[in-house]
Amino acid sequence: MLDCELNTGWLQFLEFVKAKCSRAEFDNWIDPIRLSSHSDEEVILEVPNIFVQEYLLDNYKEVLSEFLPLRANGDPALSFLISAPVKPTIKTIGKPAAAPEKEQQSGPEIRLNNTYRFENFIEGASNQFVKSAAFGVATRPGKTYNPLFIHGGVGLGKTHLLHGIGHYVREHHKKLKVQAITTEGFINDIVDSLRSKSLDRMKRYYRNLDLLLVDDIQFLQNRPNFEEEFCNTFETLIHQNKQIVITSDKPPSQLKLSERMVARMEWGLVAHMGIPDLETRVAIIKHKAENKNLCLTSQVAFFIAEHIYNNVRQLEGAINRLCAYVRFQNADLTIDTVERVLNELVQTLPQKKVTVDSIIQSVAQAFEVRVSDLRGESRQKEIALARQVAMYLAKETIEDSLMKIAASFGGKTHSTLLHAWKKIAEKLNSDETLRRQIQMVQRNLETS
Ligand code: ADP
Ligand code: MG
């Protein structure tokens with residue numbers, strides 16, 4: 001292929017990508033790449049570091065194949081050259097504002113959401129344990145559980161608690177150096193500092209912290225180089241008894257991270273943030289309404305809590321809507337108006353009603369036993385376990401009296417149900433396979 005064709009292919013690729021991705025993505029990842037030279041058959045790209053190379057191949061290999069010549073194996077004919085030292089001029093054209101941002105990110109300023117404080121965190125059975133672990137860490141950083149690993153579903157208050165720790169430590173241990181980052185922020189920091197040749201400074205900064213709060217570690221998955229850098233930082237801090245707190249949407253063992261990383265994250269305390277029960281949801285609603293000077297009767301608070309049940313952020317959304325309504329209509333909130341105002345919101349939420357029957361069916365399917373077995377008396381090991389799981393899920397998911405739920409299992413008593421729930425709850429602490437099986441059933445229940 002002619003030189004100029006290779007050149008054009010690359011330029012066309014750039015134009016294509018520029019139109020497709022966000023400005024930040026382009027500036028961070030694509031713009032630093034230089035067409036270095038090309039032999040007859042391949043393009044040689046100069047990249048500032050291995051991360052940019054990986055990023056390009058991970059995200060655009062197929063697209064590149066359409067713009068560049070192919071090798072015999074179908075891959076685009078590309079080679080990479082890591083530029084050392086990084087060209088300082090790359091970013092100066094047209095974008096001089098990058099540096100201050102970066103300084104801010106790895107500088108002493110921490111960005112904590114001002115309302116995410118312990119005082120504003122409502123406790124209930126689902127989050128009491130994790131809240132007290134967080135508080136323990138905040139009062140004695142580096143001296144109790146290290147790391148503290150908080151996992152749980154979306155919108156349940158993980159970031160809130162993480163920042164709560166940050167606020168508390170900042171106010172009560174003024175000398176300690178605290179940083180709160182998202183995993184994306186950490187990755188961006190690495191990329192930025194590689195580009196500006198300040199990686200050592202950045203590493204020094206992170207490794208000198210007393211408390212590192214890392215949000216959403218799941219975004220480190222499938223990014224092995226960043227993972228390694230994170231792991232090194234992690235080890236350096238932990239070995240000096242510096243506190244680390246991590247949040248994630250899954251427990252460590254379910255993250256696609258290296259064994260080394262998973263083992264490190266399990267060193268301390270792994271705590272689960274559950275879905276708040278009805279009473280806690282009501283308390284959260286009342287608290288949020290009060291903060292917004294919105295008058296809610298208990299009846300209305302219960303109504304909302306009964307209809308929005310698996311995400312605290314959605315509860316907040318509901319309160320915001322009601323506030324807007326009250327402001328515009330200058331009217332009191334009755335159940336009817338609440339129903340009307342929330343109608344749109346509620347309709348867009350997953351409202352599938354989970355019943356004991358649907359739980360029994362899903363569990364029977366996942367554990368490969370018969371529905372009749374789950375309602376029956378058999379004490380055969382597999383059946384008994386599946387039955388206990390179904391009872392556990394029923395108690396966790398269904399807001400009804402234990403007596404009624406137990407009765408749906410072929411007339412069992414409520415103490416049998418409680419016993420089953422306790423057994424499975426205990427088992428879940430150590431039995432990873434069971435945890436996965438139960439999650440699978442839960443996913444099926446949500447989507448089927
Ligand atoms: P996550 O990080 O788990 O996705 P967030 O911490 O962002 O969830 O919480 C979502 C919203 O719900 C935030 O505004 C947070 O303040 C609020 N929230 C969650 N749990 C509670 C709670 N127990 N008490 C008060 N507010 C809560
Ligand atoms: Mg969060």
# chains A, B, ... in the order shown; residues from 1 in each chain; ligands from 1
call {"tool": "residues_around", "arguments": {"residues": "Phe121 (chain A)", "least_positions_apart": "2", "cutoff": "9 Å", "atoms": "only C-alpha atoms", "output": "mmCIF file with N, CA and C atoms, in the first residue's frame"}}
result
data_model
loop_
_atom_site.group_PDB
_atom_site.id
_atom_site.type_symbol
_atom_site.label_atom_id
_atom_site.label_comp_id
_atom_site.auth_asym_id
_atom_site.auth_seq_id
_atom_site.Cartn_x
_atom_site.Cartn_y
_atom_site.Cartn_z
ATOM 1 N N TYR A 116 -23.701 13.866 51.789
ATOM 2 C CA TYR A 116 -23.434 12.452 52.084
ATOM 3 C C TYR A 116 -22.661 12.329 53.403
ATOM 4 N N ARG A 117 -23.369 12.545 54.488
ATOM 5 C CA ARG A 117 -22.756 12.478 55.816
ATOM 6 C C ARG A 117 -23.445 11.405 56.636
ATOM 7 N N PHE A 118 -22.744 10.951 57.680
ATOM 8 C CA PHE A 118 -23.342 9.934 58.544
ATOM 9 C C PHE A 118 -24.669 10.422 59.119
ATOM 10 N N GLU A 119 -24.720 11.722 59.490
ATOM 11 C CA GLU A 119 -25.949 12.248 60.117
ATOM 12 C C GLU A 119 -27.157 12.093 59.196
ATOM 13 N N GLU A 123 -30.554 4.521 59.105
ATOM 14 C CA GLU A 123 -30.201 3.118 59.324
ATOM 15 C C GLU A 123 -31.413 2.214 59.412
ATOM 16 N N LYS A 131 -23.058 0.282 57.996
ATOM 17 C CA LYS A 131 -22.924 1.639 58.546
ATOM 18 C C LYS A 131 -21.996 1.618 59.771
ATOM 19 N N GLY A 157 -26.784 3.603 48.616
ATOM 20 C CA GLY A 157 -26.091 4.401 49.630
ATOM 21 C C GLY A 157 -24.612 4.075 49.815
ATOM 22 N N HIS A 160 -22.704 7.299 49.445
ATOM 23 C CA HIS A 160 -23.072 8.113 50.601
ATOM 24 C C HIS A 160 -22.196 7.748 51.817
ATOM 25 N N LEU A 161 -22.111 6.457 52.110
ATOM 26 C CA LEU A 161 -21.308 6.041 53.269
ATOM 27 C C LEU A 161 -19.825 6.323 53.063
ATOM 28 N N GLY A 164 -19.339 9.736 53.685
ATOM 29 C CA GLY A 164 -19.572 9.945 55.120
ATOM 30 C C GLY A 164 -18.273 9.716 55.894
ATOM 31 N N ILE A 284 -36.502 6.963 55.438
ATOM 32 C CA ILE A 284 -35.695 7.723 54.469
ATOM 33 C C ILE A 284 -36.565 8.784 53.789
#
call {"tool": "residues_near_ligand", "arguments": {"ligand": "ligand 2", "cutoff": "10 Å", "atoms": "only C-alpha atoms and all ligand atoms", "output": "count of residues only"}}
result
19
call {"tool": "closest_residue", "arguments": {"among": "A:Ala407, A:Tyr60, A:Glu339, A:Ser36", "to": "Val17 (chain A)", "atoms": "only C-alpha atoms"}}
result
A:Tyr60
call {"tool": "residues_around", "arguments": {"residues": "Leu45 (chain A)", "least_positions_apart": "4", "cutoff": "10 Å", "atoms": "only C-alpha atoms", "output": "PyMOL selection string"}}
result
chain A and resi 10+33-38+53+78-83
call {"tool": "select_by_dssp", "arguments": {"residues": "region 124-248 of chain A", "states": "helix (DSSP H, G or I)", "output": "PyMOL selection string"}}
result
chain A and resi 128-139+158-172+183-195+199-207+217-220+224-239
call {"tool": "closest_residue", "arguments": {"among": "A:Asn49, A:Val214, A:Arg443, A:Leu418", "to": "Ser196 (chain A)", "atoms": "only C-alpha atoms"}}
result
A:Asn49
call {"tool": "select_by_dssp", "arguments": {"residues": "region 88-302 of chain A", "states": "strand (DSSP E or B)", "output": "list of chain:residue names"}}
result
A:Leu148, A:Phe149, A:Ile150, A:His151, A:Gly152, A:Val178, A:Gln179, A:Ala180, A:Ile181, A:Thr182, A:Leu211, A:Leu212, A:Leu213, A:Val214, A:Asp215, A:Gln243, A:Ile244, A:Val245, A:Ile246, A:Thr247, A:Ser248, A:Leu269, A:Val270, A:Ala271, A:His272, A:Met273
call {"tool": "write_last_selection", "arguments": {"atoms": "C-alpha atoms", "output": "mmCIF file, in the first residue's frame"}}
result
data_model
loop_
_atom_site.group_PDB
_atom_site.id
_atom_site.type_symbol
_atom_site.label_atom_id
_atom_site.label_comp_id
_atom_site.auth_asym_id
_atom_site.auth_seq_id
_atom_site.Cartn_x
_atom_site.Cartn_y
_atom_site.Cartn_z
ATOM 1 C CA LEU A 148 -13.326 -2.034 54.216
ATOM 2 C CA PHE A 149 -15.057 -3.313 51.113
ATOM 3 C CA ILE A 150 -18.691 -2.247 50.667
ATOM 4 C CA HIS A 151 -20.763 -3.912 47.985
ATOM 5 C CA GLY A 152 -24.388 -3.753 46.944
ATOM 6 C CA VAL A 178 -7.775 12.040 52.767
ATOM 7 C CA GLN A 179 -8.652 11.447 49.148
ATOM 8 C CA ALA A 180 -11.911 10.245 47.644
ATOM 9 C CA ILE A 181 -11.823 9.112 44.054
ATOM 10 C CA THR A 182 -13.908 7.207 41.612
ATOM 11 C CA LEU A 211 -7.235 7.464 53.917
ATOM 12 C CA LEU A 212 -8.079 6.484 50.372
ATOM 13 C CA LEU A 213 -11.740 6.173 49.441
ATOM 14 C CA VAL A 214 -12.293 4.416 46.137
ATOM 15 C CA ASP A 215 -15.741 4.376 44.577
ATOM 16 C CA GLN A 243 -6.969 3.054 55.627
ATOM 17 C CA ILE A 244 -8.596 2.053 52.353
ATOM 18 C CA VAL A 245 -12.324 1.873 51.722
ATOM 19 C CA ILE A 246 -13.655 0.484 48.471
ATOM 20 C CA THR A 247 -17.158 0.289 47.042
ATOM 21 C CA SER A 248 -18.344 -2.042 44.329
ATOM 22 C CA LEU A 269 -13.974 -6.683 56.001
ATOM 23 C CA VAL A 270 -16.377 -7.320 53.134
ATOM 24 C CA ALA A 271 -19.754 -5.811 53.989
ATOM 25 C CA HIS A 272 -22.973 -6.022 52.044
ATOM 26 C CA MET A 273 -25.401 -3.134 51.646
#
call {"tool": "closest_residue", "arguments": {"among": "A:Phe26, A:Trp267, A:Phe129, A:Phe16", "to": "ligand 1", "atoms": "only C-alpha atoms and all ligand atoms"}}
result
A:Phe129
call {"tool": "closest_residue", "arguments": {"among": "A:Ile360, A:Glu184, A:Cys231, A:Ile438", "to": "Glu259 (chain A)", "atoms": "only C-alpha atoms"}}
result
A:Cys231
call {"tool": "closest_residue", "arguments": {"among": "A:Asn7, A:Leu199, A:Glu62, A:Ile275", "to": "ligand 1", "atoms": "only C-alpha atoms and all ligand atoms"}}
result
A:Ile275
call {"tool": "closest_residue", "arguments": {"among": "A:Asn310, A:Thr144, A:Gln12, A:Thr139", "to": "ligand 1", "atoms": "only C-alpha atoms and all ligand atoms"}}
result
A:Asn310
call {"tool": "residues_around", "arguments": {"residues": "Glu15 (chain A)", "least_positions_apart": "2", "cutoff": "12 Å", "atoms": "only C-alpha atoms", "output": "PyMOL selection string"}}
result
chain A and resi 8-13+17-21+26+30-31+63-64+67
call {"tool": "atom_distance", "arguments": {"atom1": "CA of Val354 (chain A)", "atom2": "CA of His419 (chain A)"}}
result
21.8 Å
call {"tool": "residues_around", "arguments": {"residues": "Glu399 (chain A)", "least_positions_apart": "6", "cutoff": "9 Å", "atoms": "only C-alpha atoms", "output": "NGL selection string"}}
result
:A and (277-278 or 306)
